[in-house]
$ cat query07.cif   # mmCIF, C-alpha atoms
data_data
loop_
_atom_site.label_atom_id
_atom_site.label_comp_id
_atom_site.auth_asym_id
_atom_site.auth_seq_id
_atom_site.Cartn_x
_atom_site.Cartn_y
_atom_site.Cartn_z
CA MET D 1 201.53 83.38 147.00
CA LYS D 2 198.58 81.04 146.91
CA PRO D 3 197.91 80.40 143.21
CA ALA D 4 200.58 78.83 141.03
CA SER D 5 202.20 81.00 138.37
CA PHE D 6 200.40 81.64 135.11
CA LYS D 7 200.67 83.85 132.07
CA TYR D 8 197.99 86.53 132.15
CA TYR D 9 196.26 88.07 129.17
CA ALA D 10 193.52 90.70 129.32
CA PRO D 11 192.37 90.98 125.69
CA GLU D 12 190.58 94.20 124.78
CA SER D 13 188.37 92.70 122.10
CA LEU D 14 186.58 89.40 121.64
CA GLU D 15 188.52 88.90 118.44
CA GLU D 16 191.79 89.12 120.33
CA ALA D 17 190.48 86.74 122.98
CA LEU D 18 189.48 84.20 120.34
CA VAL D 19 192.91 84.33 118.70
CA LEU D 20 194.53 83.65 122.08
CA LYS D 21 192.08 80.83 122.81
CA ALA D 22 192.85 79.28 119.42
CA GLN D 23 196.56 79.59 120.14
CA TYR D 24 196.55 78.11 123.66
CA GLY D 25 193.51 75.76 123.49
CA ASP D 26 192.93 73.76 126.67
CA GLU D 27 195.99 75.31 128.29
CA ALA D 28 194.15 78.62 128.60
CA ARG D 29 191.39 78.98 131.16
CA ILE D 30 188.86 81.75 130.78
CA LEU D 31 188.77 84.15 133.74
CA ALA D 32 185.23 85.52 133.85
CA GLY D 33 184.00 86.45 137.34
CA GLY D 34 186.60 84.14 138.89
CA GLN D 35 184.34 83.29 141.82
CA SER D 36 184.85 79.54 141.32
CA LEU D 37 188.13 79.54 139.40
CA ILE D 38 190.13 81.70 141.82
CA PRO D 39 189.17 79.69 144.95
CA ALA D 40 190.23 76.54 143.07
CA MET D 41 193.51 78.26 142.16
CA ASN D 42 194.02 79.46 145.74
CA PHE D 43 193.81 75.82 146.83
CA ARG D 44 195.96 74.84 143.83
CA ILE D 45 193.28 72.37 142.83
CA MET D 46 193.60 74.13 139.51
CA GLN D 47 196.88 75.37 138.12
CA PRO D 48 196.17 76.80 134.69
CA THR D 49 199.27 77.99 132.87
CA VAL D 50 197.44 80.69 130.93
CA LEU D 51 194.52 82.88 132.00
CA LEU D 52 192.43 84.84 129.51
CA ASP D 53 190.69 87.55 131.49
CA LEU D 54 187.51 88.64 129.69
CA ASN D 55 186.70 91.44 132.12
CA LEU D 56 187.67 94.19 129.68
CA LEU D 57 185.16 92.96 127.10
CA ALA D 58 182.24 95.34 127.63
CA GLU D 59 180.84 93.93 124.38
CA LEU D 60 179.98 90.72 126.25
CA SER D 61 178.03 92.46 129.00
CA TYR D 62 174.39 93.12 128.08
CA ILE D 63 170.80 92.07 128.59
CA SER D 64 168.94 92.60 125.34
CA SER D 65 165.42 91.88 124.13
CA LYS D 66 165.49 93.05 120.55
CA GLU D 67 163.74 89.90 119.37
CA SER D 68 160.27 89.13 120.60
CA ALA D 69 159.87 86.22 122.99
CA VAL D 70 163.57 85.74 123.74
CA LEU D 71 166.19 87.47 125.78
CA HIS D 72 169.91 87.56 125.04
CA ILE D 73 172.36 87.84 127.89
CA GLY D 74 176.05 88.44 127.25
CA ALA D 75 178.39 85.95 128.90
CA MET D 76 180.17 88.63 130.96
CA THR D 77 176.96 90.06 132.42
CA ARG D 78 177.25 90.06 136.21
CA LEU D 79 174.82 87.90 138.16
CA SER D 80 173.69 90.92 140.20
CA GLU D 81 172.69 92.71 136.97
CA VAL D 82 170.51 89.76 136.02
CA GLU D 83 169.05 89.72 139.52
CA ASP D 84 168.10 93.41 139.30
CA ASP D 85 166.75 93.39 135.74
CA PRO D 86 163.01 94.20 135.71
CA LEU D 87 162.36 92.57 132.33
CA ILE D 88 163.86 89.28 133.52
CA ALA D 89 161.81 89.47 136.72
CA ASP D 90 158.69 89.91 134.63
CA ARG D 91 159.27 87.63 131.64
CA VAL D 92 161.68 84.95 132.82
CA SER D 93 160.64 84.80 136.44
CA LEU D 94 162.26 81.41 137.00
CA LEU D 95 165.66 82.90 136.22
CA HIS D 96 164.96 85.88 138.49
CA GLU D 97 163.90 83.62 141.33
CA SER D 98 167.01 81.43 141.10
CA LEU D 99 169.50 84.29 141.41
CA PRO D 100 169.39 84.90 145.18
CA TYR D 101 170.31 81.24 145.69
CA ILE D 102 173.68 81.82 144.02
CA ALA D 103 176.16 82.31 146.86
CA HIS D 104 176.08 85.79 148.41
CA PRO D 105 175.57 89.37 147.15
CA GLN D 106 179.31 90.08 146.92
CA ILE D 107 179.85 86.96 144.82
CA ARG D 108 176.95 87.86 142.52
CA ASN D 109 178.45 91.34 142.06
CA ARG D 110 181.45 89.74 140.44
CA GLY D 111 180.25 86.36 139.16
CA THR D 112 179.02 86.19 135.56
CA VAL D 113 176.31 84.37 133.66
CA GLY D 114 178.81 82.79 131.27
CA GLY D 115 181.12 81.68 134.06
CA ASN D 116 178.31 80.09 136.04
CA ILE D 117 177.22 78.10 132.98
CA ALA D 118 180.59 77.19 131.48
CA HIS D 119 181.91 76.01 134.86
CA ALA D 120 179.12 73.38 134.75
CA ASP D 121 179.04 72.60 138.43
CA PRO D 122 176.12 70.19 139.02
CA ALA D 123 175.28 72.29 142.10
CA ALA D 124 175.08 75.54 140.09
CA GLU D 125 171.75 77.27 139.57
CA LEU D 126 171.94 78.71 136.05
CA PRO D 127 172.57 75.40 134.23
CA VAL D 128 169.39 74.04 135.87
CA VAL D 129 167.43 77.15 134.90
CA ALA D 130 168.82 77.03 131.36
CA LEU D 131 167.66 73.44 130.94
CA ALA D 132 164.24 74.13 132.46
CA THR D 133 163.65 77.11 130.15
CA LYS D 134 165.09 75.40 127.02
CA SER D 135 167.71 78.11 126.70
CA ARG D 136 170.60 77.84 124.31
CA PHE D 137 174.18 79.01 124.25
CA ARG D 138 176.30 80.67 121.61
CA VAL D 139 179.96 79.73 121.55
CA GLN D 140 182.48 81.37 119.31
CA SER D 141 185.93 80.64 117.91
CA THR D 142 188.09 82.21 115.22
CA ASN D 143 186.14 80.00 112.78
CA GLY D 144 182.79 81.56 113.65
CA SER D 145 180.03 80.87 116.11
CA ARG D 146 177.47 78.14 116.75
CA TRP D 147 174.47 77.62 119.01
CA ILE D 148 174.29 74.69 121.43
CA ASN D 149 171.00 73.65 123.02
CA SER D 150 171.06 73.30 126.79
CA ASP D 151 170.03 69.63 126.35
CA ASP D 152 173.33 68.94 124.58
CA PHE D 153 175.54 71.31 126.53
CA PHE D 154 176.18 69.72 129.94
CA ARG D 155 178.24 66.53 129.77
CA GLY D 156 178.93 65.77 133.44
CA TYR D 157 181.01 67.17 136.28
CA PHE D 158 182.51 70.45 135.04
CA GLU D 159 182.26 69.27 131.43
CA THR D 160 180.46 70.97 128.60
CA ALA D 161 180.20 70.80 124.82
CA ILE D 162 182.44 73.88 124.47
CA ASP D 163 185.42 73.04 122.28
CA SER D 164 188.96 73.91 123.41
CA SER D 165 189.16 76.72 120.83
CA GLU D 166 185.77 78.20 121.73
CA ILE D 167 184.52 80.79 124.21
CA LEU D 168 180.95 80.96 125.51
CA VAL D 169 179.69 84.39 124.48
CA GLU D 170 175.91 84.50 124.89
CA LEU D 171 172.89 82.90 126.48
CA GLU D 172 169.46 82.95 124.82
CA VAL D 173 166.52 82.53 127.18
CA PRO D 174 162.94 82.26 125.95
CA PHE D 175 160.29 84.26 127.80
CA HIS D 176 157.82 82.14 129.73
CA ALA D 177 154.83 81.25 127.55
CA ALA D 178 151.33 82.42 128.52
CA SER D 179 149.71 80.47 131.39
CA THR D 180 153.09 79.26 132.56
CA GLY D 181 153.97 78.74 136.20
CA TRP D 182 157.44 78.30 137.62
CA ALA D 183 159.23 77.44 140.84
CA PHE D 184 162.86 77.31 141.88
CA LEU D 185 163.61 75.74 145.26
CA GLU D 186 166.68 74.46 147.08
CA VAL D 187 167.63 72.94 150.38
CA SER D 188 171.03 73.97 151.68
CA ARG D 189 172.60 73.86 155.10
CA ARG D 190 173.22 77.60 155.26
CA SER D 191 172.12 80.54 153.16
CA GLY D 192 174.35 80.75 150.08
CA ASP D 193 175.92 77.31 150.49
CA TYR D 194 175.93 74.72 147.74
CA ALA D 195 172.53 73.08 147.90
CA MET D 196 172.11 69.44 148.88
CA ALA D 197 169.22 69.33 146.42
CA GLY D 198 167.31 71.74 144.24
CA ILE D 199 164.67 71.87 141.55
CA ALA D 200 163.38 74.07 138.76
CA ALA D 201 159.82 73.36 137.64
CA VAL D 202 158.05 74.97 134.70
CA ILE D 203 154.51 74.04 133.69
CA THR D 204 152.19 75.46 131.04
CA LEU D 205 148.42 75.05 131.28
CA ASP D 206 145.62 75.43 128.75
CA SER D 207 142.44 77.43 129.41
CA ASP D 208 140.90 74.47 131.26
CA TYR D 209 143.94 74.26 133.58
CA ILE D 210 145.07 71.05 131.89
CA CYS D 211 148.85 70.73 131.84
CA ARG D 212 150.22 71.04 128.29
CA LYS D 213 153.94 71.19 128.97
CA ALA D 214 156.05 70.36 131.99
CA ARG D 215 159.76 70.40 132.73
CA LEU D 216 161.39 69.27 135.94
CA VAL D 217 165.13 69.80 136.32
CA TYR D 218 167.13 68.82 139.38
CA LEU D 219 170.16 70.47 140.93
CA ASN D 220 173.04 68.52 142.45
CA LEU D 221 171.22 65.20 142.15
CA SER D 222 173.38 63.85 139.35
CA ASP D 223 176.75 64.70 137.76
CA ALA D 224 175.03 67.43 135.71
CA PRO D 225 171.68 69.22 135.79
CA LEU D 226 169.19 66.40 135.42
CA GLU D 227 165.90 66.61 133.58
CA ALA D 228 163.27 64.12 134.79
CA LYS D 229 161.47 63.66 131.49
CA GLN D 230 159.35 60.62 132.29
CA SER D 231 158.08 62.14 135.53
CA ALA D 232 157.27 65.45 133.84
CA ASP D 233 155.44 63.62 131.02
CA MET D 234 153.07 62.10 133.58
CA LEU D 235 151.69 65.63 134.08
CA VAL D 236 150.91 66.35 130.42
CA GLY D 237 147.22 66.13 129.57
CA GLU D 238 146.28 66.00 133.24
CA THR D 239 144.91 68.23 135.97
CA LEU D 240 147.43 68.56 138.78
CA SER D 241 145.74 66.80 141.69
CA ASP D 242 147.64 66.26 144.94
CA GLU D 243 147.64 62.56 144.17
CA LEU D 244 149.22 63.01 140.74
CA ILE D 245 151.79 65.42 142.18
CA SER D 246 152.74 62.77 144.77
CA GLN D 247 153.10 60.11 142.09
CA VAL D 248 155.32 62.35 139.98
CA ALA D 249 157.43 63.27 143.02
CA ASN D 250 157.87 59.62 143.91
CA LYS D 251 158.83 58.60 140.40
CA ALA D 252 161.32 61.43 139.94
CA SER D 253 162.95 60.97 143.32
CA GLU D 254 163.06 57.15 143.23
CA GLU D 255 163.71 56.43 139.57
CA GLU D 256 165.03 59.37 137.61
CA ILE D 257 167.49 61.30 139.72
CA MET D 258 170.97 59.84 140.22
CA PRO D 259 172.21 61.26 143.50
CA MET D 260 175.75 60.63 144.63
CA GLU D 261 176.22 60.48 148.35
CA SER D 262 178.12 63.39 149.87
CA LEU D 263 179.48 64.29 153.26
CA HIS D 264 176.30 66.24 153.97
CA ALA D 265 173.59 64.03 152.55
CA THR D 266 173.10 60.29 152.08
CA VAL D 267 171.46 59.01 148.92
CA ASN D 268 168.26 58.28 150.84
CA TYR D 269 168.18 61.78 152.24
CA GLN D 270 168.78 63.27 148.80
CA ARG D 271 165.88 61.24 147.40
CA HIS D 272 163.74 62.41 150.30
CA LEU D 273 164.64 66.05 149.60
CA ALA D 274 163.96 65.61 145.88
CA CYS D 275 160.52 64.18 146.65
CA ILE D 276 159.55 67.01 148.99
CA LEU D 277 160.96 69.69 146.68
CA THR D 278 159.08 68.23 143.69
CA LYS D 279 155.79 68.40 145.54
CA ARG D 280 156.39 71.95 146.73
CA ALA D 281 157.63 73.15 143.36
CA LEU D 282 154.74 71.64 141.42
CA LYS D 283 152.15 73.11 143.76
CA LEU D 284 153.79 76.52 143.57
CA ALA D 285 154.21 76.40 139.78
CA TYR D 286 150.64 75.18 139.28
CA GLY D 287 149.21 77.98 141.43
CA ARG D 288 151.24 80.56 139.51
CA ALA D 289 150.24 79.13 136.14
CA LYS D 290 146.58 79.50 137.08
CA GLU D 291 147.15 83.12 138.10
CA THR D 292 148.90 84.25 134.92
CA MET M 1 207.89 81.87 135.38
CA SER M 2 207.08 85.28 136.71
CA ASP M 3 204.54 87.35 134.79
CA ASN M 4 204.70 90.93 136.03
CA HIS M 5 202.40 93.76 135.11
CA LEU M 6 202.41 97.46 135.90
CA ILE M 7 199.15 98.58 137.50
CA LYS M 8 197.79 101.98 138.41
CA VAL M 9 194.98 101.93 140.92
CA THR M 10 193.27 104.48 143.13
CA ILE M 11 192.75 103.26 146.67
CA ASN M 12 190.92 105.48 149.15
CA GLY M 13 191.58 108.43 146.87
CA THR M 14 195.33 107.85 146.64
CA LYS M 15 196.89 106.78 143.34
CA HIS M 16 199.28 103.85 143.49
CA THR M 17 201.53 102.55 140.75
CA SER M 18 202.98 99.14 141.29
CA SER M 19 204.48 96.18 139.47
CA VAL M 20 202.62 93.02 140.46
CA GLU M 21 202.94 89.40 139.59
CA ALA M 22 199.79 88.21 137.79
CA ARG M 23 199.03 85.65 140.47
CA MET M 24 199.03 88.16 143.34
CA LEU M 25 195.60 88.31 144.91
CA LEU M 26 194.05 91.74 145.39
CA SER M 27 193.76 91.03 149.13
CA ASP M 28 197.50 90.34 149.38
CA PHE M 29 198.30 93.42 147.31
CA ILE M 30 196.23 95.62 149.61
CA ARG M 31 197.76 94.17 152.78
CA HIS M 32 201.33 93.34 151.87
CA GLU M 33 202.18 95.85 149.17
CA LEU M 34 200.19 98.84 150.40
CA GLY M 35 200.20 97.99 154.12
CA LEU M 36 196.45 98.57 154.42
CA THR M 37 195.89 95.82 156.96
CA GLY M 38 192.33 96.83 157.75
CA THR M 39 191.27 94.46 155.00
CA HIS M 40 191.31 91.09 156.73
CA VAL M 41 191.98 87.73 155.16
CA GLY M 42 190.04 84.79 156.56
CA CYS M 43 189.23 81.83 154.37
CA GLU M 44 190.80 82.93 151.08
CA HIS M 45 188.19 81.15 149.05
CA GLY M 46 185.30 83.59 149.07
CA VAL M 47 183.24 82.20 151.93
CA CYS M 48 183.93 84.33 155.01
CA GLY M 49 183.66 87.85 153.58
CA ALA M 50 186.40 89.32 155.79
CA CYS M 51 188.34 90.61 152.76
CA THR M 52 185.38 92.45 151.19
CA VAL M 53 186.33 95.79 149.60
CA ILE M 54 184.46 98.28 147.44
CA LEU M 55 185.44 98.17 143.77
CA ASN M 56 183.97 100.98 141.65
CA GLY M 57 181.13 101.33 144.14
CA ILE M 58 180.22 97.66 144.57
CA SER M 59 181.31 95.21 147.23
CA VAL M 60 183.53 92.34 146.11
CA ARG M 61 185.79 89.70 147.64
CA SER M 62 189.38 90.88 147.34
CA CYS M 63 190.64 87.29 147.75
CA LEU M 64 188.78 86.32 144.57
CA MET M 65 190.42 88.85 142.30
CA PHE M 66 193.94 89.35 141.09
CA ALA M 67 195.58 92.72 141.70
CA VAL M 68 196.36 92.94 137.98
CA GLN M 69 192.61 93.09 137.32
CA VAL M 70 192.10 96.40 139.13
CA HIS M 71 194.35 98.43 136.84
CA GLY M 72 192.69 101.82 136.26
CA GLN M 73 189.98 101.24 138.84
CA GLN M 74 188.82 102.72 142.15
CA ILE M 75 188.90 100.83 145.43
CA THR M 76 187.73 101.75 148.91
CA THR M 77 188.90 99.79 151.94
CA VAL M 78 187.83 100.23 155.54
CA GLU M 79 190.62 102.81 155.97
CA GLY M 80 188.82 105.02 153.46
CA MET M 81 185.47 105.15 155.23
CA ALA M 82 185.97 108.08 157.58
CA THR M 83 187.04 111.51 156.38
CA LYS M 84 190.09 111.55 158.69
CA ALA M 85 192.24 108.68 159.96
CA THR M 86 191.42 109.62 163.55
CA ASP M 87 187.66 109.76 162.98
CA LEU M 88 185.03 107.10 162.70
CA HIS M 89 182.38 106.97 159.99
CA PRO M 90 178.85 107.29 161.49
CA LEU M 91 178.25 103.62 160.65
CA GLN M 92 181.41 102.70 162.58
CA GLU M 93 180.20 104.86 165.51
CA ALA M 94 176.93 102.97 165.49
CA PHE M 95 178.78 99.63 165.52
CA ARG M 96 180.77 100.79 168.54
CA GLU M 97 177.73 101.97 170.45
CA ALA M 98 175.47 99.05 169.65
CA HIS M 99 178.20 96.44 170.33
CA GLY M 100 178.15 95.39 166.69
CA LEU M 101 181.53 93.74 167.15
CA GLN M 102 183.55 91.82 169.69
CA CYS M 103 186.86 90.62 168.24
CA GLY M 104 186.42 92.83 165.18
CA PHE M 105 187.94 90.46 162.64
CA CYS M 106 184.85 90.38 160.45
CA THR M 107 183.96 94.05 160.92
CA PRO M 108 185.85 95.64 157.99
CA GLY M 109 184.27 93.18 155.58
CA ILE M 110 180.84 93.78 157.02
CA LEU M 111 181.25 97.55 156.75
CA MET M 112 182.44 97.22 153.16
CA SER M 113 179.36 95.13 152.37
CA LEU M 114 177.02 97.55 154.10
CA ILE M 115 178.20 100.85 152.60
CA PRO M 116 177.20 100.12 148.97
CA PHE M 117 174.09 98.28 150.17
CA LEU M 118 172.90 101.29 152.19
CA ASP M 119 173.70 103.64 149.30
CA ASP M 120 171.36 101.61 147.08
CA ASN M 121 168.75 100.96 149.73
CA PRO M 122 168.67 103.75 152.34
CA SER M 123 165.71 102.33 154.31
CA PRO M 124 166.10 98.56 154.31
CA SER M 125 163.97 96.09 156.24
CA GLU M 126 165.63 93.88 158.84
CA GLU M 127 165.36 90.98 156.41
CA GLU M 128 167.18 92.97 153.74
CA ILE M 129 169.92 93.96 156.20
CA ARG M 130 170.40 90.31 157.11
CA ALA M 131 170.52 89.29 153.44
CA ALA M 132 173.12 92.00 152.75
CA ILE M 133 175.49 90.58 155.37
CA SER M 134 174.62 86.92 154.72
CA GLY M 135 177.98 86.57 153.00
CA ASN M 136 179.95 87.77 156.03
CA LEU M 137 180.75 85.30 158.77
CA CYS M 138 180.84 86.58 162.36
CA ARG M 139 181.55 84.10 165.11
CA CYS M 140 181.20 86.50 168.05
CA THR M 141 178.04 88.54 167.88
CA GLY M 142 175.36 86.21 166.60
CA TYR M 143 174.59 89.09 164.21
CA GLN M 144 171.89 90.59 166.45
CA ASN M 145 173.94 93.58 167.48
CA ILE M 146 175.26 94.06 163.97
CA VAL M 147 171.68 94.44 162.78
CA ASN M 148 170.99 96.74 165.74
CA ALA M 149 174.00 98.84 164.79
CA VAL M 150 172.72 99.28 161.26
CA LYS M 151 169.30 100.26 162.62
CA LEU M 152 170.89 102.77 164.99
CA TYR M 153 172.85 104.29 162.13
CA LEU M 154 169.72 104.54 160.00
CA GLU M 155 167.76 106.18 162.82
CA ARG M 156 170.42 108.84 163.24
CA ASP M 157 170.92 109.29 159.55
CA SER M 158 167.26 110.09 158.91
#

$ encode --input "query07.cif" --output "structure tokens"
Amino acid sequence: MKPASFKYYAPESLEEALVLKAQYGDEARILAGGQSLIPAMNFRIMQPTVLLDLNLLAELSYISSKESAVLHIGAMTRLSEVEDDPLIADRVSLLHESLPYIAHPQIRNRGTVGGNIAHADPAAELPVVALATKSRFRVQSTNGSRWINSDDFFRGYFETAIDSSEILVELEVPFHAASTGWAFLEVSRRSGDYAMAGIAAVITLDSDYICRKARLVYLNLSDAPLEAKQSADMLVGETLSDELISQVANKASEEEIMPMESLHATVNYQRHLACILTKRALKLAYGRAKET
Amino acid sequence: MSDNHLIKVTINGTKHTSSVEARMLLSDFIRHELGLTGTHVGCEHGVCGACTVILNGISVRSCLMFAVQVHGQQITTVEGMATKATDLHPLQEAFREAHGLQCGFCTPGILMSLIPFLDDNPSPSEEEIRAAISGNLCRCTGYQNIVNAVKLYLERDS
């Protein structure tokens, strides 16, 4: 058999899962959708000794908008459910637009929101979207639960602020503000592959089309989703001319991103892609912000 | 350390009860334990799509699930498509006529991706058909005749 042996638990309540997580700590890996964990286990890159399968926890699968202006998504909600949700398409369009970039339909049928985020792959889409939308995450242990802002959550390759006794249970995503435009773009070698570079851009304009807020977050151009704060700040208080967009793209791609050369892309090529994607994303987001 | 679990699962309408080790992949369970070798195993890390099966009406990679996870659930494999073992499903007929396969290795996975897709979207555009099978690698056909086969099936179905 491909994966190494492990002890399997399929708790039937979150409470039970939390007790097991407290008991086993780092030894226990959470099995959510398994679309990254199981390939790693098949290769024996990962050999967890205990798996806590959360797939029986229907209580963690929901998309809810009881509060105004924010959306709550349970950690075990499948990516395809997020993709098909009309409210998300309408109110958090950036999230909606990022979904088809995540692997392939069959993977999204099984993969979960919580798994995508907690895995913290720098090439993953949802961490980038979470940062660009200022989302936050609720983690829970037997001692209770706490919220972690996306700014503080991602610590580097596959590392997050989740403690060894905690389980990620919920994502809170704010709706886009009025007069907000968005864009999510990637360049990958084949449809569904890990992208060589990607970007999420969100900009909010005032009634004179002056930029009031801007966030630029890059995918797979550092060891974690990377927010280019200085570049985005150059947009605030300004009208988005082609010249300004070029300056921002140059600054972000030359100074702020921290690409690490891979088999498929040199550092120079990654900077080139980041520059082009920034220009495209800002133009797209600006046009959309003016329309809304 | 062997961690065995008793599972009950319905595959192609037949109930199976089996003791499986936790680490047994669903794809290996289907092939080696049940002998349903229509489900093919290619890359075993979720890229090629050859092992795609239908779990509770949706297409999933059987190499990216453990058999223990399907306890109490319903699975369809390519063997369950047609009403009789000697018949072909109309979609399979269309694949045969339109040359939607050459070596056939990828075909079961493609069919298992297409069935739930066409249930949800009975009149897809060509772009949507291509997106639906974007997670299934075929090295023979160049996909053109696969798309043609789906179109042929849809023409006849309407």

$ interface_residues --input "query07.cif" --of "chain D" --to "chain M" --cutoff "9 Å" --atoms "all atoms listed in the file" --output "mmCIF file with C-alpha atoms, in the coordinates of the input"
data_model
loop_
_atom_site.group_PDB
_atom_site.id
_atom_site.type_symbol
_atom_site.label_atom_id
_atom_site.label_comp_id
_atom_site.auth_asym_id
_atom_site.auth_seq_id
_atom_site.Cartn_x
_atom_site.Cartn_y
_atom_site.Cartn_z
ATOM 1 C CA MET D 1 201.530 83.380 147.000
ATOM 2 C CA LYS D 2 198.580 81.040 146.910
ATOM 3 C CA PRO D 3 197.910 80.400 143.210
ATOM 4 C CA ALA D 4 200.580 78.830 141.030
ATOM 5 C CA SER D 5 202.200 81.000 138.370
ATOM 6 C CA PHE D 6 200.400 81.640 135.110
ATOM 7 C CA LYS D 7 200.670 83.850 132.070
ATOM 8 C CA TYR D 8 197.990 86.530 132.150
ATOM 9 C CA ALA D 10 193.520 90.700 129.320
ATOM 10 C CA GLY D 33 184.000 86.450 137.340
ATOM 11 C CA GLY D 34 186.600 84.140 138.890
ATOM 12 C CA GLN D 35 184.340 83.290 141.820
ATOM 13 C CA SER D 36 184.850 79.540 141.320
ATOM 14 C CA LEU D 37 188.130 79.540 139.400
ATOM 15 C CA ILE D 38 190.130 81.700 141.820
ATOM 16 C CA PRO D 39 189.170 79.690 144.950
ATOM 17 C CA ALA D 40 190.230 76.540 143.070
ATOM 18 C CA ASN D 42 194.020 79.460 145.740
ATOM 19 C CA PHE D 43 193.810 75.820 146.830
ATOM 20 C CA ASP D 53 190.690 87.550 131.490
ATOM 21 C CA ASN D 55 186.700 91.440 132.120
ATOM 22 C CA ALA D 103 176.160 82.310 146.860
ATOM 23 C CA HIS D 104 176.080 85.790 148.410
ATOM 24 C CA PRO D 105 175.570 89.370 147.150
ATOM 25 C CA GLN D 106 179.310 90.080 146.920
ATOM 26 C CA ILE D 107 179.850 86.960 144.820
ATOM 27 C CA ARG D 108 176.950 87.860 142.520
ATOM 28 C CA ASN D 109 178.450 91.340 142.060
ATOM 29 C CA ARG D 110 181.450 89.740 140.440
ATOM 30 C CA SER D 191 172.120 80.540 153.160
ATOM 31 C CA GLY D 192 174.350 80.750 150.080
ATOM 32 C CA ASP D 193 175.920 77.310 150.490
#

$ residues_around --input "query07.cif" --residues "M:Pro108" --least-positions-apart "5" --cutoff "7 Å" --atoms "all atoms listed in the file" --output "list of chain:residue names"
M:Gly38, M:Thr39, M:Ala50, M:Val78

$ closest_residue --input "query07.cif" --among "D:Ile30, D:Ile162, D:Leu79, D:Ala22" --to "D:Asn143" --atoms "all atoms listed in the file"
D:Ala22

$ resolve_selection --input "query07.cif" --expression "the PyMOL selection byres ((chain D and resi 173) around 9)" --output "list in words"
Ala69, Val70, Leu71, His72, Ile73, Val92, Ala130, Thr133, Lys134, Ser135, Arg136, Phe137, Leu171, Glu172, Pro174 and Phe175 of chain D

$ closest_residue --input "query07.cif" --among "M:Thr37, M:Asp87, M:Arg31, M:Gln74" --to "M:Ile11" --atoms "all atoms listed in the file"
M:Gln74

$ closest_residue --input "query07.cif" --among "M:Gly109, M:Glu128, M:Ser158, M:Arg96" --to "M:Gly42" --atoms "only C-alpha atoms"
M:Gly109

$ atom_distance --input "query07.cif" --atom1 "atom CA of D:Glu254" --atom2 "atom CA of D:Ser93"
28.6 Å

$ resolve_selection --input "query07.cif" --expression "the PyMOL selection byres ((chain D and resi 284-291) around 8)" --output "PyMOL selection string"
chain D and resi 179-183+201-205+209+240+280-283+292

$ residues_around --input "query07.cif" --residues "M:Thr17" --least-positions-apart "6" --cutoff "8 Å" --atoms "only C-alpha atoms" --output "list in words"
Leu6, Ile7, Lys8 and Val9 of chain M

$ residues_near_point --input "query07.cif" --point "(171.7, 88.2, 131.6)" --cutoff "7 Å" --atoms "only C-alpha atoms" --output "JSON, numbers by chain"
{"D": [62, 63, 72, 73, 74, 77, 82, 113]}

$ residues_around --input "query07.cif" --residues "stretch 220-231 of chain D" --least-positions-apart "6" --cutoff "8 Å" --atoms "all atoms listed in the file" --output "list in words"
Ala120, Asp121, Pro122, Ala123, Ala124, Pro127, Val128, Leu131, Ala132, Phe154, Arg155, Gly156, Tyr157, Ala195, Met196, Ala197, Gly198, Val248, Ala249, Lys251, Ala252, Glu256, Ile257, Met258, Pro259, Met260 and Gln270 of chain D

$ closest_residue --input "query07.cif" --among "D:Ala28, D:Ala89, D:Ala232, D:Ile148" --to "D:Met46" --atoms "only C-alpha atoms"
D:Ala28

$ atom_distance --input "query07.cif" --atom1 "atom CA of D:Ala32" --atom2 "atom CA of D:Val187"
27.2 Å

$ resolve_selection --input "query07.cif" --expression "the PyMOL selection byres ((chain M and resi 149) around 6)" --output "mmCIF file with C-alpha atoms, in the coordinates of the input"
data_model
loop_
_atom_site.group_PDB
_atom_site.id
_atom_site.type_symbol
_atom_site.label_atom_id
_atom_site.label_comp_id
_atom_site.auth_asym_id
_atom_site.auth_seq_id
_atom_site.Cartn_x
_atom_site.Cartn_y
_atom_site.Cartn_z
ATOM 1 C CA ALA M 94 176.930 102.970 165.490
ATOM 2 C CA PHE M 95 178.780 99.630 165.520
ATOM 3 C CA ALA M 98 175.470 99.050 169.650
ATOM 4 C CA GLY M 100 178.150 95.390 166.690
ATOM 5 C CA ASN M 145 173.940 93.580 167.480
ATOM 6 C CA ILE M 146 175.260 94.060 163.970
ATOM 7 C CA VAL M 147 171.680 94.440 162.780
ATOM 8 C CA ASN M 148 170.990 96.740 165.740
ATOM 9 C CA VAL M 150 172.720 99.280 161.260
ATOM 10 C CA LYS M 151 169.300 100.260 162.620
ATOM 11 C CA LEU M 152 170.890 102.770 164.990
#

$ closest_residue --input "query07.cif" --among "D:Ser253, D:Gln140, D:Ser65, D:Ser80" --to "D:Ile199" --atoms "only C-alpha atoms"
D:Ser253

$ atom_distance --input "query07.cif" --atom1 "atom CA of D:Leu56" --atom2 "atom CA of D:Ser145"
20.5 Å
